[in-house]
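Structure file model-v8.cif with mmCIF, C-alpha atoms and all ligand atoms:
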data_my_file
loop_
_atom_site.group_PDB
_atom_site.id
_atom_site.type_symbol
_atom_site.label_atom_id
_atom_site.label_comp_id
_atom_site.auth_asym_id
_atom_site.auth_seq_id
_atom_site.Cartn_x
_atom_site.Cartn_y
_atom_site.Cartn_z
ATOM 1 C CA LYS B 12 -39.249 -18.293 0.862
ATOM 2 C CA GLY B 13 -37.961 -17.582 4.364
ATOM 3 C CA ARG B 14 -38.218 -14.561 6.640
ATOM 4 C CA GLN B 15 -39.078 -11.351 4.823
ATOM 5 C CA ASP B 16 -37.741 -9.100 7.591
ATOM 6 C CA LEU B 17 -35.990 -6.776 5.136
ATOM 7 C CA GLN B 18 -39.082 -6.202 3.011
ATOM 8 C CA GLY B 19 -39.215 -2.559 1.954
ATOM 9 C CA LYS B 20 -35.606 -1.904 2.991
ATOM 10 C CA GLN B 21 -32.869 -0.653 0.676
ATOM 11 C CA VAL B 22 -29.540 -2.348 1.312
ATOM 12 C CA LEU B 23 -26.280 -1.103 -0.200
ATOM 13 C CA ILE B 24 -23.297 -3.464 -0.146
ATOM 14 C CA SER B 25 -19.725 -3.197 -1.421
ATOM 15 C CA ALA B 26 -17.726 -6.308 -2.198
ATOM 16 C CA GLY B 27 -14.538 -7.498 -3.848
ATOM 17 C CA GLY B 28 -11.100 -5.933 -3.960
ATOM 18 C CA THR B 29 -10.208 -2.658 -5.621
ATOM 19 C CA ARG B 30 -7.345 -2.346 -8.068
ATOM 20 C CA GLU B 31 -5.258 0.793 -8.218
ATOM 21 C CA PHE B 32 -3.672 1.083 -11.635
ATOM 22 C CA LEU B 33 -0.341 2.704 -12.338
ATOM 23 C CA ASP B 34 -0.806 2.163 -16.065
ATOM 24 C CA PRO B 35 -3.321 0.095 -18.104
ATOM 25 C CA VAL B 36 -1.497 -3.194 -17.434
ATOM 26 C CA ARG B 37 -0.222 -2.841 -13.852
ATOM 27 C CA PHE B 38 -1.999 -2.352 -10.568
ATOM 28 C CA ILE B 39 -1.742 -2.616 -6.797
ATOM 29 C CA GLY B 40 -4.403 -5.040 -5.602
ATOM 30 C CA ASN B 41 -5.401 -7.386 -2.793
ATOM 31 C CA PRO B 42 -6.558 -11.007 -2.473
ATOM 32 C CA ALA B 43 -10.263 -10.311 -1.796
ATOM 33 C CA THR B 44 -12.645 -12.569 -3.714
ATOM 34 C CA GLY B 45 -15.907 -10.771 -2.964
ATOM 35 C CA LYS B 46 -17.454 -13.954 -1.565
ATOM 36 C CA GLN B 47 -18.555 -12.516 1.798
ATOM 37 C CA GLY B 48 -20.034 -9.350 0.307
ATOM 38 C CA ILE B 49 -21.856 -11.309 -2.389
ATOM 39 C CA ALA B 50 -23.225 -13.671 0.274
ATOM 40 C CA LEU B 51 -24.543 -10.603 2.099
ATOM 41 C CA ALA B 52 -26.231 -9.354 -1.067
ATOM 42 C CA ILE B 53 -27.870 -12.757 -1.614
ATOM 43 C CA ALA B 54 -28.987 -13.031 2.024
ATOM 44 C CA ALA B 55 -30.470 -9.514 2.055
ATOM 45 C CA SER B 56 -32.244 -10.154 -1.235
ATOM 46 C CA LEU B 57 -33.693 -13.469 0.034
ATOM 47 C CA ARG B 58 -35.039 -11.569 3.044
ATOM 48 C CA GLY B 59 -36.924 -9.136 0.856
ATOM 49 C CA ALA B 60 -34.558 -6.157 0.623
ATOM 50 C CA THR B 61 -33.919 -4.152 -2.517
ATOM 51 C CA VAL B 62 -30.185 -4.655 -2.941
ATOM 52 C CA THR B 63 -27.533 -2.595 -4.698
ATOM 53 C CA LEU B 64 -24.131 -4.302 -4.892
ATOM 54 C CA VAL B 65 -21.063 -2.235 -5.743
ATOM 55 C CA LEU B 66 -18.729 -4.939 -6.911
ATOM 56 C CA ALA B 67 -14.998 -4.545 -7.431
ATOM 57 C CA ARG B 68 -12.853 -7.376 -8.762
ATOM 58 C CA SER B 69 -14.204 -10.699 -7.485
ATOM 59 C CA ALA B 70 -13.895 -14.409 -8.106
ATOM 60 C CA VAL B 71 -17.641 -14.685 -8.670
ATOM 61 C CA ASN B 72 -19.166 -13.910 -12.045
ATOM 62 C CA SER B 73 -21.637 -11.083 -11.452
ATOM 63 C CA ALA B 74 -23.838 -12.478 -14.230
ATOM 64 C CA SER B 75 -24.520 -15.511 -12.013
ATOM 65 C CA LEU B 76 -26.230 -13.308 -9.425
ATOM 66 C CA ASN B 77 -29.975 -13.106 -8.896
ATOM 67 C CA SER B 78 -31.302 -10.531 -11.349
ATOM 68 C CA ALA B 79 -33.091 -8.803 -8.465
ATOM 69 C CA ILE B 80 -29.709 -7.583 -7.223
ATOM 70 C CA GLN B 81 -28.614 -4.387 -8.945
ATOM 71 C CA VAL B 82 -24.870 -4.760 -9.585
ATOM 72 C CA ILE B 83 -22.592 -1.785 -10.227
ATOM 73 C CA VAL B 84 -19.207 -3.032 -11.402
ATOM 74 C CA VAL B 85 -16.173 -0.929 -10.454
ATOM 75 C CA GLU B 86 -12.417 -1.439 -10.529
ATOM 76 C CA THR B 87 -10.700 1.317 -8.564
ATOM 77 C CA SER B 88 -11.319 2.710 -5.099
ATOM 78 C CA ALA B 89 -12.169 6.075 -6.698
ATOM 79 C CA GLN B 90 -14.934 4.443 -8.774
ATOM 80 C CA MET B 91 -16.181 2.579 -5.701
ATOM 81 C CA HIS B 92 -16.156 5.782 -3.649
ATOM 82 C CA HIS B 93 -18.239 7.535 -6.304
ATOM 83 C CA ALA B 94 -20.768 4.674 -6.603
ATOM 84 C CA MET B 95 -21.150 4.384 -2.824
ATOM 85 C CA LEU B 96 -21.733 8.119 -2.368
ATOM 86 C CA GLU B 97 -24.252 8.124 -5.184
ATOM 87 C CA ASN B 98 -26.308 5.286 -3.662
ATOM 88 C CA PHE B 99 -25.868 5.984 0.054
ATOM 89 C CA GLY B 100 -28.686 8.503 0.479
ATOM 90 C CA LYS B 101 -31.453 6.023 -0.266
ATOM 91 C CA ALA B 102 -29.926 3.110 1.666
ATOM 92 C CA ASP B 103 -31.405 2.029 4.994
ATOM 93 C CA ILE B 104 -28.505 -0.335 5.639
ATOM 94 C CA THR B 105 -25.036 -0.020 4.101
ATOM 95 C CA ILE B 106 -22.478 -2.787 4.480
ATOM 96 C CA MET B 107 -18.917 -2.054 3.403
ATOM 97 C CA ALA B 108 -17.519 -5.547 2.868
ATOM 98 C CA ALA B 109 -15.091 -4.597 0.087
ATOM 99 C CA ALA B 110 -11.345 -4.706 0.554
ATOM 100 C CA VAL B 111 -10.507 -1.174 -0.496
ATOM 101 C CA GLY B 112 -6.890 -0.437 -1.333
ATOM 102 C CA ASP B 113 -4.956 1.607 1.202
ATOM 103 C CA VAL B 114 -2.504 3.195 -1.241
ATOM 104 C CA ARG B 115 -2.298 4.041 -4.910
ATOM 105 C CA THR B 116 0.419 5.505 -7.077
ATOM 106 C CA ALA B 117 0.582 9.282 -6.999
ATOM 107 C CA SER B 118 0.358 9.381 -10.784
ATOM 108 C CA TYR B 119 -1.279 7.303 -13.510
ATOM 109 C CA SER B 120 -0.008 6.813 -17.052
ATOM 110 C CA ASP B 121 -2.725 6.096 -19.610
ATOM 111 C CA ARG B 122 -0.104 4.417 -21.820
ATOM 112 C CA LYS B 123 1.845 1.345 -20.784
ATOM 113 C CA ILE B 124 5.099 2.447 -19.166
ATOM 114 C CA PRO B 125 7.985 0.728 -21.038
ATOM 115 C CA LYS B 126 9.829 -1.667 -18.762
ATOM 116 C CA ALA B 127 13.071 0.252 -19.169
ATOM 117 C CA LEU B 128 11.371 3.395 -17.887
ATOM 118 C CA LEU B 129 9.756 1.838 -14.820
ATOM 119 C CA PRO B 130 11.097 3.551 -11.706
ATOM 120 C CA GLU B 131 12.902 1.582 -8.983
ATOM 121 C CA SER B 132 10.412 2.881 -6.452
ATOM 122 C CA LEU B 133 6.906 4.259 -6.685
ATOM 123 C CA ALA B 134 5.560 7.412 -5.098
ATOM 124 C CA LEU B 135 2.355 6.406 -3.291
ATOM 125 C CA GLU B 136 -0.548 8.314 -1.841
ATOM 126 C CA LYS B 137 -3.101 7.226 0.761
ATOM 127 C CA ILE B 138 -6.569 6.338 -0.467
ATOM 128 C CA PRO B 139 -9.444 8.199 1.241
ATOM 129 C CA ASP B 140 -11.554 6.084 3.603
ATOM 130 C CA ILE B 141 -14.900 5.495 1.880
ATOM 131 C CA VAL B 142 -16.865 4.206 4.855
ATOM 132 C CA ALA B 143 -15.618 7.029 7.115
ATOM 133 C CA ASP B 144 -16.753 9.466 4.438
ATOM 134 C CA LEU B 145 -20.220 7.849 4.322
ATOM 135 C CA ALA B 146 -20.416 8.035 8.128
ATOM 136 C CA LYS B 147 -20.128 11.838 7.969
ATOM 137 C CA GLN B 148 -23.384 11.983 5.964
ATOM 138 C CA ARG B 149 -25.214 9.286 7.866
ATOM 139 C CA ARG B 150 -28.735 10.103 9.086
ATOM 140 C CA ASN B 151 -30.110 8.627 12.320
ATOM 141 C CA ASP B 152 -32.398 6.309 10.352
ATOM 142 C CA GLN B 153 -29.456 4.731 8.512
ATOM 143 C CA ARG B 154 -27.245 1.861 9.631
ATOM 144 C CA LEU B 155 -23.612 1.682 8.534
ATOM 145 C CA ILE B 156 -21.684 -1.568 8.901
ATOM 146 C CA GLY B 157 -17.988 -2.137 8.225
ATOM 147 C CA PHE B 158 -15.618 -5.073 8.233
ATOM 148 C CA ALA B 159 -12.219 -5.354 9.855
ATOM 149 C CA ALA B 160 -9.992 -8.004 8.336
ATOM 150 C CA GLN B 161 -7.188 -8.516 10.808
ATOM 151 C CA THR B 162 -4.283 -10.785 11.510
ATOM 152 C CA GLY B 163 -3.422 -11.937 15.020
ATOM 153 C CA ASN B 164 -5.199 -13.622 17.896
ATOM 154 C CA GLN B 165 -8.829 -13.024 18.930
ATOM 155 C CA THR B 166 -7.928 -10.301 21.459
ATOM 156 C CA GLU B 167 -5.864 -8.385 18.920
ATOM 157 C CA VAL B 168 -8.504 -8.773 16.212
ATOM 158 C CA ILE B 169 -11.257 -7.416 18.477
ATOM 159 C CA ALA B 170 -9.168 -4.538 19.818
ATOM 160 C CA ALA B 171 -8.290 -3.406 16.293
ATOM 161 C CA ALA B 172 -11.915 -3.705 15.179
ATOM 162 C CA LYS B 173 -13.190 -1.639 18.131
ATOM 163 C CA SER B 174 -10.825 1.174 17.331
ATOM 164 C CA LYS B 175 -11.986 1.118 13.681
ATOM 165 C CA LEU B 176 -15.639 1.187 14.768
ATOM 166 C CA GLU B 177 -14.922 4.387 16.710
ATOM 167 C CA ARG B 178 -12.530 6.041 14.296
ATOM 168 C CA LYS B 179 -14.822 5.458 11.305
ATOM 169 C CA GLN B 180 -18.016 6.224 13.306
ATOM 170 C CA LEU B 181 -19.785 3.001 12.308
ATOM 171 C CA ASN B 182 -22.854 1.410 13.898
ATOM 172 C CA ILE B 183 -21.463 -2.101 13.614
ATOM 173 C CA ILE B 184 -18.159 -3.712 12.713
ATOM 174 C CA ALA B 185 -17.625 -7.352 11.773
ATOM 175 C CA ALA B 186 -14.137 -8.392 12.831
ATOM 176 C CA ASN B 187 -12.625 -11.405 11.184
ATOM 177 C CA ALA B 188 -9.206 -13.028 11.245
ATOM 178 C CA VAL B 189 -7.746 -13.447 7.788
ATOM 179 C CA ASP B 190 -4.633 -15.394 8.720
ATOM 180 C CA SER B 191 -6.464 -18.724 8.955
ATOM 181 C CA GLN B 192 -7.242 -21.051 6.054
ATOM 182 C CA GLN B 193 -10.904 -21.306 7.079
ATOM 183 C CA THR B 194 -11.655 -17.636 7.571
ATOM 184 C CA GLY B 195 -9.271 -15.866 5.260
ATOM 185 C CA PHE B 196 -9.579 -14.460 1.785
ATOM 186 C CA ALA B 197 -11.058 -16.916 -0.712
ATOM 187 C CA ALA B 198 -12.343 -19.351 1.937
ATOM 188 C CA ASP B 199 -15.939 -20.562 1.641
ATOM 189 C CA THR B 200 -16.301 -20.440 5.413
ATOM 190 C CA ASN B 201 -15.849 -17.581 7.818
ATOM 191 C CA GLN B 202 -16.040 -16.618 11.472
ATOM 192 C CA ALA B 203 -16.495 -13.142 12.883
ATOM 193 C CA THR B 204 -17.195 -11.109 15.975
ATOM 194 C CA PHE B 205 -19.849 -8.441 15.516
ATOM 195 C CA ILE B 206 -19.522 -5.344 17.698
ATOM 196 C CA ASN B 207 -21.987 -2.472 17.770
ATOM 197 C CA ASP B 208 -21.698 1.129 18.943
ATOM 198 C CA ALA B 209 -23.443 0.213 22.213
ATOM 199 C CA GLY B 210 -20.637 -2.251 22.966
ATOM 200 C CA VAL B 211 -22.685 -5.413 22.334
ATOM 201 C CA GLN B 212 -20.439 -8.175 21.061
ATOM 202 C CA VAL B 213 -21.414 -11.509 19.460
ATOM 203 C CA THR B 214 -19.047 -14.134 18.085
ATOM 204 C CA THR B 215 -20.315 -16.494 15.389
ATOM 205 C CA PRO B 216 -19.290 -20.123 15.014
ATOM 206 C CA LEU B 217 -17.235 -21.119 11.993
ATOM 207 C CA CYS B 218 -19.901 -21.264 9.283
ATOM 208 C CA SER B 219 -20.544 -20.682 5.599
ATOM 209 C CA LYS B 220 -20.256 -17.118 4.319
ATOM 210 C CA LEU B 221 -24.020 -17.190 3.615
ATOM 211 C CA GLU B 222 -24.784 -18.155 7.196
ATOM 212 C CA LEU B 223 -22.433 -15.457 8.457
ATOM 213 C CA ALA B 224 -24.286 -12.982 6.243
ATOM 214 C CA HIS B 225 -27.643 -13.947 7.789
ATOM 215 C CA ARG B 226 -26.184 -13.688 11.285
ATOM 216 C CA LEU B 227 -24.823 -10.212 10.574
ATOM 217 C CA LEU B 228 -28.210 -9.099 9.228
ATOM 218 C CA ASP B 229 -29.887 -10.560 12.348
ATOM 219 C CA PHE B 230 -27.448 -8.655 14.564
ATOM 220 C CA GLY B 231 -28.007 -5.438 12.630
ATOM 221 C CA LEU B 232 -31.789 -5.756 12.721
ATOM 222 C CA ASN B 233 -31.874 -6.271 16.482
ATOM 223 C CA ASP B 234 -31.538 -2.575 17.180
ATOM 224 C CA PHE B 235 -33.130 -1.370 13.960
ATOM 225 C CA LYS B 236 -36.790 -1.689 13.118
HETATM 226 O O1 LIG W 1 -8.994 0.391 8.013
HETATM 227 P P1 LIG W 1 -9.406 -0.894 7.364
HETATM 228 O O2 LIG W 1 -9.090 -0.947 5.885
HETATM 229 O O3 LIG W 1 -8.989 -2.124 8.063
HETATM 230 O O4 LIG W 1 -10.998 -0.835 7.509
HETATM 231 C C1 LIG W 1 -11.826 -1.790 6.947
HETATM 232 C C2 LIG W 1 -13.193 -1.231 6.704
HETATM 233 O O5 LIG W 1 -13.107 0.079 6.121
HETATM 234 C C3 LIG W 1 -13.959 -2.057 5.692
HETATM 235 O O6 LIG W 1 -15.338 -1.942 5.950
HETATM 236 C C4 LIG W 1 -13.545 -1.394 4.379
HETATM 237 O O7 LIG W 1 -14.491 -1.659 3.364
HETATM 238 C C5 LIG W 1 -13.527 0.072 4.776
HETATM 239 N N1 LIG W 1 -12.582 0.906 3.998
HETATM 240 C C6 LIG W 1 -13.078 1.946 3.220
HETATM 241 N N2 LIG W 1 -12.207 2.738 2.512
HETATM 242 C C7 LIG W 1 -10.883 2.527 2.569
HETATM 243 C C8 LIG W 1 -10.368 1.464 3.362
HETATM 244 C C9 LIG W 1 -11.257 0.682 4.057
HETATM 245 O O8 LIG W 1 -14.297 2.140 3.177
HETATM 246 N N3 LIG W 1 -10.067 3.302 1.854
#

Serialized structure, structure tokens:
Amino acid sequence: KGRQDLQGKQVLISAGGTREFLDPVRFIGNPATGKQGIALAIAASLRGATVTLVLARSAVNSASLNSAIQVIVVETSAQMHHAMLENFGKADITIMAAAVGDVRTASYSDRKIPKALLPESLALEKIPDIVADLAKQRRNDQRLIGFAAQTGNQTEVIAAAKSKLERKQLNIIAANAVDSQQTGFAADTNQATFINDAGVQVTTPLCSKLELAHRLLDFGLNDFK
């Protein structure tokens, strides 16, 4: 048993990648594996928090998780949005680590669309931003943390993350490059730069996703007692 610095705290985490179905057998998805978000749930739980994990499609079997972590399994961004709103009010710290889809088809068919009837192009609509929506309801005693998965060099990654921190009104953003083998989707290691709303910036070494999770919790707890 290590530090119990999250004892008595409620932590809400989203992880995995959403799937946006056009019919029951076809979807628009992304390569997220849920590993970083699950590592965050494990780290927070080890540190004494009561953890709720809203888990979209992931490479990790949710049954393998510590039974102390309450897991809510979702598939689509709409289901994730609903679950996050429902659990946000009681959360002291919310970490949005999920890769939420950016677009979905404008219509859904509850029967498989025959191949011959599939259109040559799909009408898409933008998916509402979940974390930005949570930020609008945030109380001063709540911390809201987002992720920014970016491609490009360190300067570009950090610039994009800073603008997301402001646009989405977050307390903290964890910026990480996803165009490297060691830090991208599905890797067991990661590296990130944490930036808070006071402009404090910390870059982690390349480390395991569990270590990165602990470092992000440390960073978040520094200005939050
Ligand atoms: O804008 P971008 O998708 O890069 O922002 C990433 C951050 O925003 C992540 O924390 C992600 O979980 C969150 N997000 C969200 N709802 C969306 C898209 C992203 O909450 N529709």

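The shortest atom-to-atom distance to B:Ala52, with only C-alpha atoms taken into account, belongs to B:Asn77 out of B:Thr166, B:Gln90, B:Asn77, B:Ser69.
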
query = Of the residues B:Thr61, B:Thr204, B:Thr105, B:Thr194, which is the one nearest to ligand LIG 1 (chain W), using all atoms listed in the file?
reply = B:Thr105

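Going from atom CA of B:Asp234 over to atom CA of B:Val213, you cover 13.7 Å.
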
request  = Apply the PyMOL selection byres (((chain B and resi 127-143) around 7) and not hetatm) to the structure shown and report the selected residues as JSON, numbers by chain.
outcome  = {"B": [92, 107, 112, 113, 114, 115, 116, 117, 124, 125, 126, 144, 145, 146, 147, 179, 180]}

ask   = Written as an NGL selection string, which residues does the PyMOL selection byres (((chain B and resi 36-41) around 9) and not hetatm) give for the file shown?
value = :B and (28-35 or 42-44 or 110-112 or 114-116 or 122-124)

query = Counting all atoms listed in the file, what is within 12 Å of B:Asn233, bar same-chain residues fewer than 5 positions away, as a VMD selection string?
reply = chain B and resid 16 154 183 207 211 226 to 228

inquiry  = Here's the selection I'm unsure about, the PyMOL selection byres (((chain B and resi 216) around 12) and not hetatm); applied to the file above, which residues does it give, as a list in words?
reply    = Asn187, Gln193, Thr194, Thr200, Asn201, Gln202, Ala203, Thr204, Phe205, Val213, Thr214, Thr215, Leu217, Cys218, Ser219, Lys220, Glu222, Leu223 and Arg226 of chain B

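One finds atom CA of B:Val168 at 21.8 Å from atom CA of B:Asp229.
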
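When only C-alpha atoms and all ligand atoms are used to measure the gap to ligand LIG 1 (chain W), the shortest distance among B:Gln192, B:Asn151, B:Asn182, B:Ser73 belongs to B:Asn182.
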
message = Can you tell me which residues surround B:Gly13 at a distance of at most 10 Å, considering all atoms listed in the file, apart from same-chain residues fewer than 5 positions away, and format the answer as a PyMOL selection string?
response = chain B and resi 57-59

message = Let me make sure I understand: among B:Met95, B:Ala109, B:Val62, B:Ala172, which one has the smallest atom-to-atom distance to ligand LIG 1 (chain W) if we use all atoms listed in the file?
response = B:Ala109
